[in-house]
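Student: Coordinates in work.cif, mmCIF, C-alpha atoms and all ligand atoms, are listed below.
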```cif
data_model
loop_
_atom_site.label_atom_id
_atom_site.label_comp_id
_atom_site.auth_asym_id
_atom_site.auth_seq_id
_atom_site.Cartn_x
_atom_site.Cartn_y
_atom_site.Cartn_z
CA MET P 154 25.83 -2.57 19.76
CA LYS P 155 25.34 -5.22 22.49
CA ARG P 156 21.56 -5.03 22.02
CA ARG P 157 21.87 -5.61 18.28
CA GLU P 158 24.16 -8.58 18.85
CA THR P 159 21.70 -10.04 21.39
CA ILE P 160 18.79 -9.65 19.03
CA LYS P 161 20.71 -11.20 16.14
CA ALA P 162 21.75 -14.10 18.35
CA LEU P 163 18.08 -14.57 19.27
CA VAL P 164 17.03 -14.68 15.64
CA TRP P 165 19.75 -17.12 14.58
CA ALA P 166 18.99 -19.31 17.60
CA SER P 167 15.34 -19.46 16.58
CA LEU P 168 16.35 -20.15 12.97
CA ALA P 169 19.19 -22.54 13.74
CA THR P 170 16.79 -25.14 15.13
CA THR P 171 14.93 -25.17 11.86
CA VAL P 172 17.67 -24.90 9.32
CA ASN P 173 19.09 -27.82 7.48
CA VAL P 174 21.40 -27.77 4.52
CA GLN P 175 20.21 -29.28 1.27
CA ARG P 176 22.50 -29.82 -1.67
CA ALA P 177 20.59 -28.14 -4.52
CA ARG P 178 21.16 -28.93 -8.21
CA GLY P 179 24.58 -27.99 -9.46
CA GLY P 180 26.21 -28.56 -6.12
CA GLU P 181 25.66 -25.09 -4.64
CA GLN P 182 24.50 -25.21 -1.06
CA LYS P 183 20.94 -24.00 -0.40
CA VAL P 184 19.85 -23.30 3.13
CA VAL P 185 16.21 -24.30 3.68
CA ASP P 186 14.41 -22.78 6.63
CA GLU P 187 12.01 -25.56 7.56
CA ALA P 188 9.97 -23.26 9.81
CA ARG P 189 9.41 -20.86 6.92
CA GLU P 190 8.57 -23.71 4.55
CA ARG P 191 5.90 -24.81 7.04
CA ARG P 192 4.57 -21.25 7.56
CA ILE P 193 4.31 -20.40 3.86
CA LYS P 194 2.55 -23.62 2.71
CA TRP P 195 -0.98 -22.12 2.98
CA PHE P 196 0.14 -18.94 1.15
CA ARG P 197 1.40 -20.95 -1.85
CA GLU P 198 -1.95 -22.77 -1.96
CA ALA P 199 -4.19 -19.71 -1.40
CA LYS P 200 -2.97 -17.55 -4.34
CA PHE P 201 -5.83 -15.01 -4.05
CA GLY P 202 -6.62 -12.73 -1.08
CA MET P 203 -8.86 -9.79 -0.20
CA PHE P 204 -7.20 -6.57 0.92
CA ILE P 205 -9.40 -4.12 2.87
CA HIS P 206 -8.46 -0.47 3.45
CA TRP P 207 -10.99 0.93 5.91
CA GLY P 208 -10.59 3.87 8.30
CA LEU P 209 -11.53 7.46 9.12
CA TYR P 210 -10.41 8.45 5.61
CA ALA P 211 -13.61 6.83 4.25
CA ILE P 212 -15.56 9.77 5.76
CA PRO P 213 -14.02 12.58 3.64
CA ALA P 214 -13.67 10.00 0.83
CA GLY P 215 -11.27 12.22 -1.10
CA ILE P 216 -13.03 15.55 -0.51
CA TRP P 217 -11.83 18.10 2.09
CA LYS P 218 -13.58 21.43 2.75
CA GLY P 219 -15.37 21.14 -0.56
CA LYS P 220 -12.21 20.47 -2.57
CA GLU P 221 -11.21 17.19 -4.22
CA ILE P 222 -7.83 16.16 -2.85
CA PRO P 223 -5.63 14.42 -5.44
CA GLY P 224 -4.05 11.02 -4.75
CA LEU P 225 -5.01 7.98 -2.74
CA GLY P 226 -8.11 8.18 -0.53
CA GLU P 227 -6.31 6.95 2.60
CA TRP P 228 -3.62 9.62 2.15
CA ILE P 229 -6.03 12.59 2.45
CA MET P 230 -4.65 13.74 5.84
CA PHE P 231 -1.16 13.93 4.35
CA ARG P 232 -2.10 15.37 0.94
CA ALA P 233 -4.32 18.09 2.45
CA ARG P 234 -1.97 18.60 5.41
CA ILE P 235 -4.95 18.26 7.76
CA PRO P 236 -3.92 19.15 11.32
CA VAL P 237 -4.17 16.23 13.78
CA LYS P 238 -6.76 18.14 15.88
CA GLU P 239 -9.04 18.57 12.84
CA TYR P 240 -8.60 15.07 11.41
CA ALA P 241 -9.18 13.43 14.82
CA GLN P 242 -12.65 15.08 14.93
CA LEU P 243 -13.67 12.64 12.18
CA ALA P 244 -13.76 9.89 14.80
CA LYS P 245 -16.84 11.52 16.36
CA GLN P 246 -18.71 10.97 13.05
CA PHE P 247 -17.56 7.39 12.41
CA ASN P 248 -20.58 5.15 12.87
CA PRO P 249 -20.62 2.42 10.15
CA THR P 250 -24.03 1.05 11.08
CA LYS P 251 -24.24 -0.94 7.83
CA PHE P 252 -21.03 -2.85 8.57
CA ASN P 253 -21.62 -6.61 8.58
CA ALA P 254 -18.52 -8.75 9.07
CA ASP P 255 -20.25 -11.90 7.87
CA GLU P 256 -21.29 -10.23 4.59
CA TRP P 257 -17.73 -9.02 3.93
CA VAL P 258 -16.21 -12.43 4.65
CA GLN P 259 -18.86 -14.23 2.60
CA LEU P 260 -18.04 -11.91 -0.32
CA ALA P 261 -14.35 -12.84 -0.01
CA LYS P 262 -15.33 -16.52 0.09
CA GLU P 263 -17.64 -16.26 -2.95
CA ALA P 264 -14.91 -14.36 -4.77
CA GLY P 265 -12.55 -17.28 -4.19
CA GLN P 266 -10.27 -15.20 -1.95
CA ARG P 267 -8.68 -17.51 0.61
CA TYR P 268 -7.20 -14.88 2.96
CA LEU P 269 -8.23 -11.40 4.13
CA VAL P 270 -5.82 -8.59 5.09
CA ILE P 271 -7.39 -5.53 6.77
CA THR P 272 -5.91 -2.23 7.95
CA ALA P 273 -5.68 -2.38 11.73
CA LYS P 274 -3.86 0.99 11.65
CA HIS P 275 -2.94 2.87 8.50
CA HIS P 276 -0.58 5.84 8.26
CA ASP P 277 -3.19 8.19 9.83
CA GLY P 278 -2.57 6.46 13.15
CA PHE P 279 -6.21 5.62 13.90
CA ALA P 280 -6.66 2.10 15.33
CA MET P 281 -9.59 0.25 13.75
CA TYR P 282 -9.57 -2.14 16.70
CA ASP P 283 -9.90 -1.90 20.50
CA SER P 284 -6.40 -0.78 21.48
CA LYS P 285 -5.40 -0.38 25.15
CA VAL P 286 -2.37 1.63 24.02
CA THR P 287 -4.45 4.68 23.05
CA ASP P 288 -8.03 6.01 23.07
CA TYR P 289 -7.53 6.99 19.40
CA ASP P 290 -9.36 3.89 18.30
CA ILE P 291 -12.75 2.79 16.99
CA VAL P 292 -14.08 1.53 20.32
CA ASP P 293 -13.08 4.52 22.49
CA ALA P 294 -13.32 7.45 20.06
CA THR P 295 -16.38 6.75 17.86
CA PRO P 296 -20.15 6.40 18.35
CA PHE P 297 -19.82 2.95 16.73
CA GLY P 298 -18.12 1.62 19.87
CA ARG P 299 -17.62 -1.91 18.46
CA ASP P 300 -14.45 -3.75 17.46
CA PRO P 301 -14.89 -4.69 13.76
CA MET P 302 -11.61 -6.63 13.82
CA LYS P 303 -13.01 -8.93 16.50
CA GLU P 304 -16.15 -9.49 14.40
CA LEU P 305 -14.14 -10.05 11.20
CA SER P 306 -11.70 -12.47 12.84
CA GLU P 307 -14.66 -14.52 14.12
CA ALA P 308 -16.39 -14.45 10.70
CA CYS P 309 -13.15 -15.53 9.00
CA ARG P 310 -12.75 -18.44 11.39
CA LYS P 311 -16.37 -19.44 10.74
CA HIS P 312 -15.93 -19.37 6.93
CA GLY P 313 -12.42 -20.84 6.76
CA ILE P 314 -10.71 -17.67 5.53
CA ARG P 315 -7.23 -16.77 6.91
CA PHE P 316 -7.49 -13.55 8.92
CA CYS P 317 -4.54 -11.16 8.56
CA PHE P 318 -3.65 -7.61 9.63
CA TYR P 319 -2.11 -4.69 7.78
CA TYR P 320 -0.15 -2.47 10.19
CA SER P 321 1.70 0.73 9.24
CA HIS P 322 4.65 0.29 11.62
CA VAL P 323 6.74 3.34 10.67
CA GLN P 324 4.40 6.05 9.40
CA ASP P 325 1.88 7.45 11.89
CA TRP P 326 0.63 10.98 11.20
CA HIS P 327 -1.09 11.21 14.60
CA HIS P 328 1.92 10.42 16.79
CA PRO P 329 4.50 13.26 17.29
CA ASP P 330 7.50 10.89 17.10
CA ALA P 331 6.55 8.68 14.14
CA VAL P 332 7.49 9.22 10.49
CA GLY P 333 5.32 11.29 8.20
CA ASN P 334 3.66 14.28 9.87
CA ASP P 335 5.88 17.32 9.35
CA TRP P 336 3.00 19.81 9.37
CA ASP P 337 2.01 19.45 13.04
CA TYR P 338 5.35 18.26 14.38
CA ASP P 339 8.94 19.46 13.93
CA PRO P 340 10.87 16.55 12.35
CA SER P 341 14.03 17.58 14.22
CA GLN P 342 12.25 16.95 17.53
CA LYS P 343 11.02 13.44 16.63
CA ASN P 344 12.20 10.47 18.65
CA PHE P 345 11.22 7.37 16.64
CA ALA P 346 12.30 5.00 19.43
CA ARG P 347 9.72 6.62 21.70
CA TYR P 348 6.91 6.01 19.12
CA TRP P 349 8.21 2.46 18.65
CA GLU P 350 8.15 1.63 22.38
CA GLU P 351 5.00 3.65 23.20
CA LYS P 352 2.76 2.68 20.28
CA ALA P 353 4.03 0.49 17.45
CA LYS P 354 5.44 -2.43 19.43
CA PRO P 355 2.61 -2.63 21.99
CA GLN P 356 0.00 -2.39 19.24
CA ILE P 357 1.66 -5.13 17.18
CA ARG P 358 1.62 -7.23 20.34
CA GLU P 359 -2.12 -6.49 20.83
CA LEU P 360 -2.89 -7.61 17.27
CA LEU P 361 -0.91 -10.81 17.79
CA THR P 362 -2.62 -11.68 21.08
CA GLN P 363 -6.23 -10.44 20.87
CA TYR P 364 -7.58 -11.85 17.58
CA GLY P 365 -6.64 -15.50 17.46
CA PRO P 366 -4.34 -17.16 14.93
CA LEU P 367 -3.28 -14.81 12.11
CA GLY P 368 -2.28 -15.84 8.60
CA LEU P 369 0.11 -12.92 8.19
CA MET P 370 1.16 -9.49 9.44
CA TRP P 371 1.29 -7.08 6.50
CA PHE P 372 3.70 -4.26 7.41
CA ASP P 373 3.98 -1.24 5.13
CA THR P 374 6.37 1.54 4.03
CA PRO P 375 9.41 0.59 6.10
CA ARG P 376 11.05 3.87 4.99
CA ASN P 377 14.30 4.19 7.03
CA ILE P 378 13.41 1.79 9.82
CA SER P 379 16.52 0.49 11.58
CA TYR P 380 17.55 -3.14 11.22
CA GLU P 381 16.98 -3.58 14.97
CA HIS P 382 13.41 -2.27 14.87
CA ALA P 383 12.52 -4.37 11.82
CA LEU P 384 14.05 -7.40 13.53
CA GLU P 385 12.06 -6.66 16.71
CA ALA P 386 8.83 -6.63 14.70
CA VAL P 387 9.71 -10.01 13.16
CA GLN P 388 10.77 -11.45 16.52
CA LEU P 389 7.48 -10.27 18.07
CA VAL P 390 5.56 -12.17 15.41
CA ARG P 391 7.76 -15.26 15.67
CA SER P 392 7.57 -15.38 19.47
CA LEU P 393 3.79 -14.83 19.73
CA GLN P 394 2.51 -16.55 16.56
CA PRO P 395 5.23 -18.80 15.05
CA ASP P 396 2.95 -19.82 12.15
CA CYS P 397 2.13 -16.20 11.18
CA LEU P 398 3.86 -14.93 8.03
CA VAL P 399 5.54 -11.53 7.80
CA ASN P 400 5.32 -9.72 4.46
CA GLY P 401 8.24 -8.18 2.58
CA ARG P 402 7.61 -4.58 3.64
CA VAL P 403 8.65 -5.11 7.28
CA GLY P 404 12.05 -3.85 6.14
CA HIS P 405 15.64 -5.04 5.65
CA ASN P 406 14.50 -8.10 3.61
CA LEU P 407 13.38 -9.77 6.83
CA GLY P 408 9.95 -10.81 5.55
CA ASP P 409 8.88 -14.34 4.63
CA TYR P 410 8.07 -13.33 1.06
CA ARG P 411 8.64 -10.51 -1.43
CA GLU P 412 6.07 -7.70 -1.72
CA MET P 413 5.87 -6.18 -5.18
CA GLY P 414 5.08 -2.52 -5.74
CA ASP P 415 1.39 -1.62 -5.77
CA ASN P 416 -0.33 -3.00 -8.88
CA ARG P 417 3.14 -3.99 -10.24
CA ILE P 418 3.12 -7.42 -11.95
CA PRO P 419 6.59 -8.70 -12.97
CA GLU P 420 7.32 -9.35 -16.66
CA ASP P 421 8.35 -12.97 -16.07
CA VAL P 422 8.54 -15.78 -13.53
CA VAL P 423 9.98 -14.83 -10.11
CA GLU P 424 11.45 -17.86 -8.34
CA GLU P 425 10.89 -16.67 -4.75
CA ASP P 426 7.48 -16.39 -3.00
CA TRP P 427 5.85 -13.04 -3.78
CA GLU P 428 2.57 -11.09 -3.80
CA VAL P 429 1.09 -8.17 -5.75
CA PRO P 430 -1.08 -5.79 -3.68
CA ALA P 431 -3.59 -4.35 -6.15
CA THR P 432 -6.64 -2.11 -6.48
CA ILE P 433 -9.83 -2.62 -8.48
CA ASN P 434 -10.06 1.14 -9.18
CA ASP P 435 -7.10 3.46 -8.43
CA THR P 436 -7.37 4.04 -4.68
CA TRP P 437 -7.12 1.80 -1.62
CA GLY P 438 -9.25 3.80 0.82
CA TYR P 439 -12.74 4.77 -0.40
CA LYS P 440 -12.80 7.83 -2.68
CA VAL P 441 -16.17 9.02 -3.94
CA THR P 442 -14.70 10.33 -7.21
CA ASP P 443 -12.66 7.25 -8.13
CA ASN P 444 -14.80 5.22 -10.51
CA ASN P 445 -11.97 3.94 -12.67
CA TRP P 446 -12.96 0.30 -12.13
CA LYS P 447 -10.84 -2.27 -13.94
CA PRO P 448 -12.91 -4.61 -16.17
CA VAL P 449 -13.31 -8.12 -14.77
CA GLU P 450 -11.48 -9.46 -17.86
CA ARG P 451 -8.38 -7.56 -16.70
CA LEU P 452 -8.76 -8.81 -13.11
CA ILE P 453 -9.05 -12.45 -14.17
CA PHE P 454 -6.10 -12.03 -16.57
CA ASN P 455 -4.06 -10.48 -13.73
CA LEU P 456 -4.85 -13.40 -11.40
CA VAL P 457 -3.80 -16.04 -13.96
CA ASP P 458 -0.78 -13.96 -15.06
CA ILE P 459 0.44 -13.55 -11.46
CA VAL P 460 -0.02 -17.23 -10.56
CA SER P 461 1.75 -18.30 -13.79
CA LYS P 462 4.76 -16.26 -12.59
CA GLY P 463 4.70 -17.73 -9.06
CA GLY P 464 2.86 -15.01 -7.11
CA ASN P 465 -0.27 -14.21 -5.11
CA TYR P 466 -2.89 -11.58 -5.97
CA LEU P 467 -4.03 -9.47 -2.99
CA LEU P 468 -6.97 -7.53 -4.43
CA ASN P 469 -8.35 -4.54 -2.49
CA VAL P 470 -11.76 -3.20 -1.55
CA GLY P 471 -12.28 0.21 0.07
CA PRO P 472 -15.51 0.20 2.12
CA THR P 473 -17.51 3.41 2.70
CA ALA P 474 -17.89 5.21 6.05
CA GLU P 475 -21.21 3.38 6.44
CA GLY P 476 -19.47 -0.01 6.15
CA ILE P 477 -20.55 -0.85 2.60
CA ILE P 478 -18.21 -2.36 -0.01
CA PRO P 479 -18.81 -0.41 -3.26
CA GLU P 480 -21.08 -2.29 -5.70
CA PRO P 481 -18.61 -2.18 -8.65
CA SER P 482 -16.08 -4.05 -6.46
CA VAL P 483 -18.71 -6.58 -5.38
CA GLU P 484 -19.80 -7.28 -8.98
CA ARG P 485 -16.24 -7.87 -10.14
CA LEU P 486 -15.28 -10.06 -7.20
CA LEU P 487 -18.39 -12.23 -7.63
CA ALA P 488 -17.59 -12.65 -11.34
CA MET P 489 -14.03 -13.72 -10.43
CA GLY P 490 -15.51 -16.19 -7.98
CA ARG P 491 -17.79 -17.68 -10.63
CA TRP P 492 -14.76 -18.14 -12.91
CA LEU P 493 -12.74 -19.72 -10.11
CA LYS P 494 -15.56 -22.14 -9.22
CA VAL P 495 -15.06 -23.68 -12.70
CA ASN P 496 -11.32 -23.09 -13.22
CA GLY P 497 -9.86 -22.96 -9.68
CA GLU P 498 -7.82 -26.16 -10.23
CA ALA P 499 -5.61 -24.10 -12.56
CA ILE P 500 -5.01 -21.50 -9.83
CA TYR P 501 -5.03 -22.78 -6.24
CA GLY P 502 -1.69 -24.37 -5.37
CA ALA P 503 -0.59 -24.16 -9.03
CA GLY P 504 3.04 -23.70 -10.03
CA ARG P 505 4.95 -21.45 -12.40
CA SER P 506 4.84 -21.56 -16.19
CA PRO P 507 7.64 -23.58 -17.85
CA PHE P 508 7.36 -21.34 -20.95
CA ARG P 509 9.59 -18.28 -20.58
CA PRO P 510 9.54 -15.35 -20.90
CA VAL P 511 5.90 -15.61 -19.86
CA ASN P 512 4.90 -12.28 -21.45
CA LYS P 513 6.01 -13.53 -24.87
CA TYR P 514 2.80 -15.60 -25.21
CA PRO P 515 -0.88 -14.49 -25.48
CA TRP P 516 -1.92 -17.34 -23.15
CA ARG P 517 -0.72 -18.22 -19.64
CA CYS P 518 0.37 -21.59 -18.26
CA THR P 519 0.17 -22.83 -14.67
CA THR P 520 1.21 -26.27 -13.53
CA LYS P 521 0.60 -29.16 -11.17
CA PRO P 522 2.36 -32.55 -11.11
CA GLY P 523 1.48 -34.29 -14.41
CA LYS P 524 -0.60 -31.35 -15.69
CA LEU P 525 -0.17 -28.12 -17.65
CA PHE P 526 -3.12 -25.68 -17.45
CA VAL P 527 -3.07 -23.35 -20.45
CA THR P 528 -5.46 -20.41 -20.07
CA LEU P 529 -6.51 -18.69 -23.31
CA PHE P 530 -7.89 -15.15 -23.31
CA GLN P 531 -8.51 -15.05 -27.09
CA TRP P 532 -10.05 -18.20 -28.59
CA THR P 533 -8.61 -19.71 -31.76
CA ASP P 534 -9.09 -22.96 -33.70
CA THR P 535 -5.67 -24.32 -32.65
CA LEU P 536 -3.41 -23.77 -29.67
CA GLU P 537 0.29 -24.01 -30.51
CA LEU P 538 2.72 -24.50 -27.61
CA PRO P 539 6.53 -24.50 -27.72
CA SER P 540 8.42 -27.76 -27.29
CA ILE P 541 7.47 -29.78 -24.20
CA PRO P 542 10.14 -32.29 -23.12
CA GLN P 543 7.63 -34.64 -21.47
CA GLN P 544 5.29 -36.88 -23.45
CA VAL P 545 1.77 -35.37 -23.62
CA THR P 546 -0.68 -38.22 -22.97
CA ARG P 547 -4.00 -36.32 -23.17
CA ALA P 548 -5.48 -32.90 -23.86
CA HIS P 549 -8.91 -31.76 -22.63
CA LEU P 550 -11.02 -28.80 -21.63
CA LEU P 551 -10.89 -28.16 -17.89
CA VAL P 552 -14.55 -27.08 -17.79
CA ASP P 553 -16.04 -30.45 -18.79
CA GLY P 554 -13.23 -32.86 -19.66
CA THR P 555 -13.97 -32.77 -23.42
CA SER P 556 -11.01 -34.54 -25.05
CA LEU P 557 -9.04 -32.56 -27.62
CA LYS P 558 -6.97 -33.87 -30.53
CA PHE P 559 -3.28 -32.87 -30.41
CA ASN P 560 -0.04 -33.50 -32.22
CA GLN P 561 3.34 -33.43 -30.45
CA THR P 562 6.71 -33.08 -32.17
CA PRO P 563 10.11 -32.27 -30.57
CA GLU P 564 9.54 -28.64 -31.66
CA LYS P 565 5.94 -28.01 -30.62
CA VAL P 566 2.54 -29.26 -29.49
CA VAL P 567 -0.54 -28.29 -31.53
CA VAL P 568 -3.98 -28.76 -29.96
CA ARG P 569 -7.18 -28.58 -31.99
CA LEU P 570 -9.79 -26.47 -30.22
CA PRO P 571 -13.60 -26.56 -30.50
CA SER P 572 -15.23 -23.79 -32.50
CA SER P 573 -16.53 -21.85 -29.48
CA ALA P 574 -14.72 -20.92 -26.28
CA PRO P 575 -16.10 -22.58 -23.12
CA ASP P 576 -15.82 -19.26 -21.26
CA PRO P 577 -16.30 -15.71 -22.62
CA ILE P 578 -13.34 -14.36 -20.63
CA ALA P 579 -10.73 -17.13 -20.16
CA SER P 580 -10.82 -20.83 -21.05
CA VAL P 581 -8.49 -23.50 -19.73
CA VAL P 582 -6.99 -26.34 -21.78
CA VAL P 583 -5.34 -29.13 -19.76
CA LEU P 584 -2.39 -31.13 -21.08
CA GLU P 585 -1.67 -34.29 -19.15
CA ILE P 586 2.04 -35.14 -19.27
CA GLU P 587 4.10 -38.13 -18.24
C1 LIG P 601 1.45 1.85 0.58
C2 LIG P 601 0.50 2.81 1.31
O1 LIG P 601 1.11 4.08 1.40
C3 LIG P 601 -0.81 2.91 0.59
O2 LIG P 601 -1.66 3.80 1.25
C4 LIG P 601 -1.45 1.49 0.53
O3 LIG P 601 -1.70 1.05 1.86
C5 LIG P 601 -0.47 0.56 -0.19
C6 LIG P 601 -0.99 -0.88 -0.17
O4 LIG P 601 0.82 0.57 0.44
O5 LIG P 601 1.79 2.41 -0.67
C7 LIG P 601 2.88 1.93 -1.35
C8 LIG P 601 3.90 1.28 -0.70
C9 LIG P 601 4.99 0.79 -1.43
C10 LIG P 601 5.03 0.96 -2.80
C11 LIG P 601 4.00 1.64 -3.44
C12 LIG P 601 2.93 2.15 -2.70
N1 LIG P 601 6.14 0.46 -3.56
O6 LIG P 601 7.04 -0.17 -2.95
O7 LIG P 601 6.16 0.65 -4.79
#
```
I'd like the structure from this file rewritten - as structure tokens, please.
Tutor:
Amino acid sequence: MKRRETIKALVWASLATTVNVQRARGGEQKVVDEARERRIKWFREAKFGMFIHWGLYAIPAGIWKGKEIPGLGEWIMFRARIPVKEYAQLAKQFNPTKFNADEWVQLAKEAGQRYLVITAKHHDGFAMYDSKVTDYDIVDATPFGRDPMKELSEACRKHGIRFCFYYSHVQDWHHPDAVGNDWDYDPSQKNFARYWEEKAKPQIRELLTQYGPLGLMWFDTPRNISYEHALEAVQLVRSLQPDCLVNGRVGHNLGDYREMGDNRIPEDVVEEDWEVPATINDTWGYKVTDNNWKPVERLIFNLVDIVSKGGNYLLNVGPTAEGIIPEPSVERLLAMGRWLKVNGEAIYGAGRSPFRPVNKYPWRCTTKPGKLFVTLFQWTDTLELPSIPQQVTRAHLLVDGTSLKFNQTPEKVVVRLPSSAPDPIASVVVLEIE
């Protein structure tokens, strides 16, 4: 009990220096954490990130002993109940000679993704970085012998992309005391605190001290983590990298922002900061049989839809065991980047739609001071918007500034559109407002 009180006192002490009380509208008191407001600024601007799930699971790629294993590619050890001794042998084959950190980061940049989150250790327990805590890592256990996280962090710094880590802090199917592996280890004999002290905490510390400034630590599946352990993870981040964000899956609502379920986009605006982790096909880790690639129209709609509701889109790629990002992912990301090159002003740093519920309308609206960006996915000859309290002073196409005629009444705004859509997928009309 004393330990918990000490930790809580620590957290409040670190928060207390940054908290001030602002009287919000309507008189209720709103506590603003200035440190968090400073930390999260880049996240609200970035809007679009690259998720990368890469590990030993890319070798079987969904197939084990000649059989296709159902479910997510990175879950193959769990779904096929592969014994630790057998699964660990994969490390001897892992030699991604085609891996090129600069190519991956340049793809993220050309896609318009402003941050990159990569699996440092997924649930299988294998460290994709040079860990001193264990030899079960890419430098010590594979013929590859390099640290791809070091190379990626340097490439991200070079190209101005925020480098971030995913770390599975509760599930670890390699460690006898962590959550998840009940086929090699007897759950009744597990001592989670031992895993936490021996592996999780020291590895989180390694990630926070060996790879330069991080944009965020992306924890996953908190399961039944104790409040104390979740708090320790947050405190570790705060003490070592005060500007590094913690995502919502650290546990006990202690993250800096809310993490939605995988591929789960809310129906309407969500007032807090939030992110949707999402796949381009159906799996995170590479799976040779998963070719259910979402059309780029859907991906661009999802990006605009999410931003119009106040969130970020963290879109995943699952590289192969050779270190190649599958071509269908590359094609789609480059197409998103081409769209963003023209229409990015409607996305980066943009605010939530004032028209609610958002899903009621076929278009989406994002905002900036003095501007409404209305993105149309089906072109028509007129765009009709519900009542806008401010005076609309101008309407134009974002792509080239072409002025558009409009009529505003207290009930609605009607904009006349040109006969052909400026973009085959999504076209943006800008309304300038007083
Ligand atoms: C987790 C992982 O198990 C999975 O392998 C992948 O890394 C994904 C990004 O995260 O899967 C989840 C976790 C939480 C939810 C759904 C899938 N959820 O809260 O709905």
Student: What are the closest atom pairs, with distances in Å to one decimal, for all residues of range 360-446 of chain P lying within 7 Å of range 209-224 of chain P? Consider all atoms listed in the file, order rows by chain and residue number, and present the result as a tab-separated table.
Tutor:
```
residue	atom	partner	partner_atom	distance
P:Gly438	CA	P:Ala211	CA	6.3
P:Tyr439	CA	P:Ala211	CA	5.2
P:Lys440	CA	P:Ala214	CA	4.2
P:Val441	CA	P:Ala214	CA	5.5
```
Student: Could the residues of range 397-516 of chain P that have an atom at most 9 Å from range 255-263 of chain P be listed as CSV, each with its closest atom pair and the distance in Å to one decimal, counting all atoms listed in the file and ordered by chain and ascending residue number?
Tutor:
```
residue,atom,partner,partner_atom,distance
P:Ile477,CA,P:Trp257,CA,8.7
P:Ile478,CA,P:Trp257,CA,7.8
P:Val483,CA,P:Leu260,CA,7.4
P:Leu486,CA,P:Leu260,CA,7.6
P:Leu487,CA,P:Glu263,CA,6.2
P:Met489,CA,P:Glu263,CA,8.7
P:Gly490,CA,P:Glu263,CA,5.5
P:Arg491,CA,P:Glu263,CA,7.8
P:Lys494,CA,P:Glu263,CA,8.8
```
Student: Please, what distance in Å, to one decimal, runs between CA of Leu468 in chain P and CA of Phe204 in chain P?
Tutor: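 Straight-line distance from CA of Leu468 in chain P to CA of Phe204 in chain P works out to 5.4 Å.
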Student: Counting only C-alpha atoms and all ligand atoms, name the residues that have an atom within 6 Å of an atom of ligand LIG 601 (chain P); the answer should be given as a list of chain:residue names.
Tutor: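 Protein and nucleic-acid residues within 6 Å of ligand LIG 601 (chain P): P:Glu227, P:Asp373, P:Thr374, P:Gly414, P:Asp415.
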Student: Extract, using all atoms listed in the file, all DNA, RNA and protein residues at most 10 Å from range 376-392 of chain P, discarding same-chain residues fewer than 4 positions from it, and format them as a ChimeraX atom specification.
Tutor: /P:156-158,160-161,163-164,167,322-324,332-333,345-346,349-350,353-355,357-358,360-362,367,369-370,372,396-400,402-409
Student: Kindly export the residues of the current selection with C-alpha atoms, as an mmCIF file, in the coordinates of the input.
Tutor:
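Output file again_9.cif follows:
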```cif
data_model
loop_
_atom_site.group_PDB
_atom_site.id
_atom_site.type_symbol
_atom_site.label_atom_id
_atom_site.label_comp_id
_atom_site.auth_asym_id
_atom_site.auth_seq_id
_atom_site.Cartn_x
_atom_site.Cartn_y
_atom_site.Cartn_z
ATOM 1 C CA ARG P 156 21.560 -5.030 22.020
ATOM 2 C CA ARG P 157 21.870 -5.610 18.280
ATOM 3 C CA GLU P 158 24.160 -8.580 18.850
ATOM 4 C CA ILE P 160 18.790 -9.650 19.030
ATOM 5 C CA LYS P 161 20.710 -11.200 16.140
ATOM 6 C CA LEU P 163 18.080 -14.570 19.270
ATOM 7 C CA VAL P 164 17.030 -14.680 15.640
ATOM 8 C CA SER P 167 15.340 -19.460 16.580
ATOM 9 C CA HIS P 322 4.650 0.290 11.620
ATOM 10 C CA VAL P 323 6.740 3.340 10.670
ATOM 11 C CA GLN P 324 4.400 6.050 9.400
ATOM 12 C CA VAL P 332 7.490 9.220 10.490
ATOM 13 C CA GLY P 333 5.320 11.290 8.200
ATOM 14 C CA PHE P 345 11.220 7.370 16.640
ATOM 15 C CA ALA P 346 12.300 5.000 19.430
ATOM 16 C CA TRP P 349 8.210 2.460 18.650
ATOM 17 C CA GLU P 350 8.150 1.630 22.380
ATOM 18 C CA ALA P 353 4.030 0.490 17.450
ATOM 19 C CA LYS P 354 5.440 -2.430 19.430
ATOM 20 C CA PRO P 355 2.610 -2.630 21.990
ATOM 21 C CA ILE P 357 1.660 -5.130 17.180
ATOM 22 C CA ARG P 358 1.620 -7.230 20.340
ATOM 23 C CA LEU P 360 -2.890 -7.610 17.270
ATOM 24 C CA LEU P 361 -0.910 -10.810 17.790
ATOM 25 C CA THR P 362 -2.620 -11.680 21.080
ATOM 26 C CA LEU P 367 -3.280 -14.810 12.110
ATOM 27 C CA LEU P 369 0.110 -12.920 8.190
ATOM 28 C CA MET P 370 1.160 -9.490 9.440
ATOM 29 C CA PHE P 372 3.700 -4.260 7.410
ATOM 30 C CA ASP P 396 2.950 -19.820 12.150
ATOM 31 C CA CYS P 397 2.130 -16.200 11.180
ATOM 32 C CA LEU P 398 3.860 -14.930 8.030
ATOM 33 C CA VAL P 399 5.540 -11.530 7.800
ATOM 34 C CA ASN P 400 5.320 -9.720 4.460
ATOM 35 C CA ARG P 402 7.610 -4.580 3.640
ATOM 36 C CA VAL P 403 8.650 -5.110 7.280
ATOM 37 C CA GLY P 404 12.050 -3.850 6.140
ATOM 38 C CA HIS P 405 15.640 -5.040 5.650
ATOM 39 C CA ASN P 406 14.500 -8.100 3.610
ATOM 40 C CA LEU P 407 13.380 -9.770 6.830
ATOM 41 C CA GLY P 408 9.950 -10.810 5.550
ATOM 42 C CA ASP P 409 8.880 -14.340 4.630
#
```
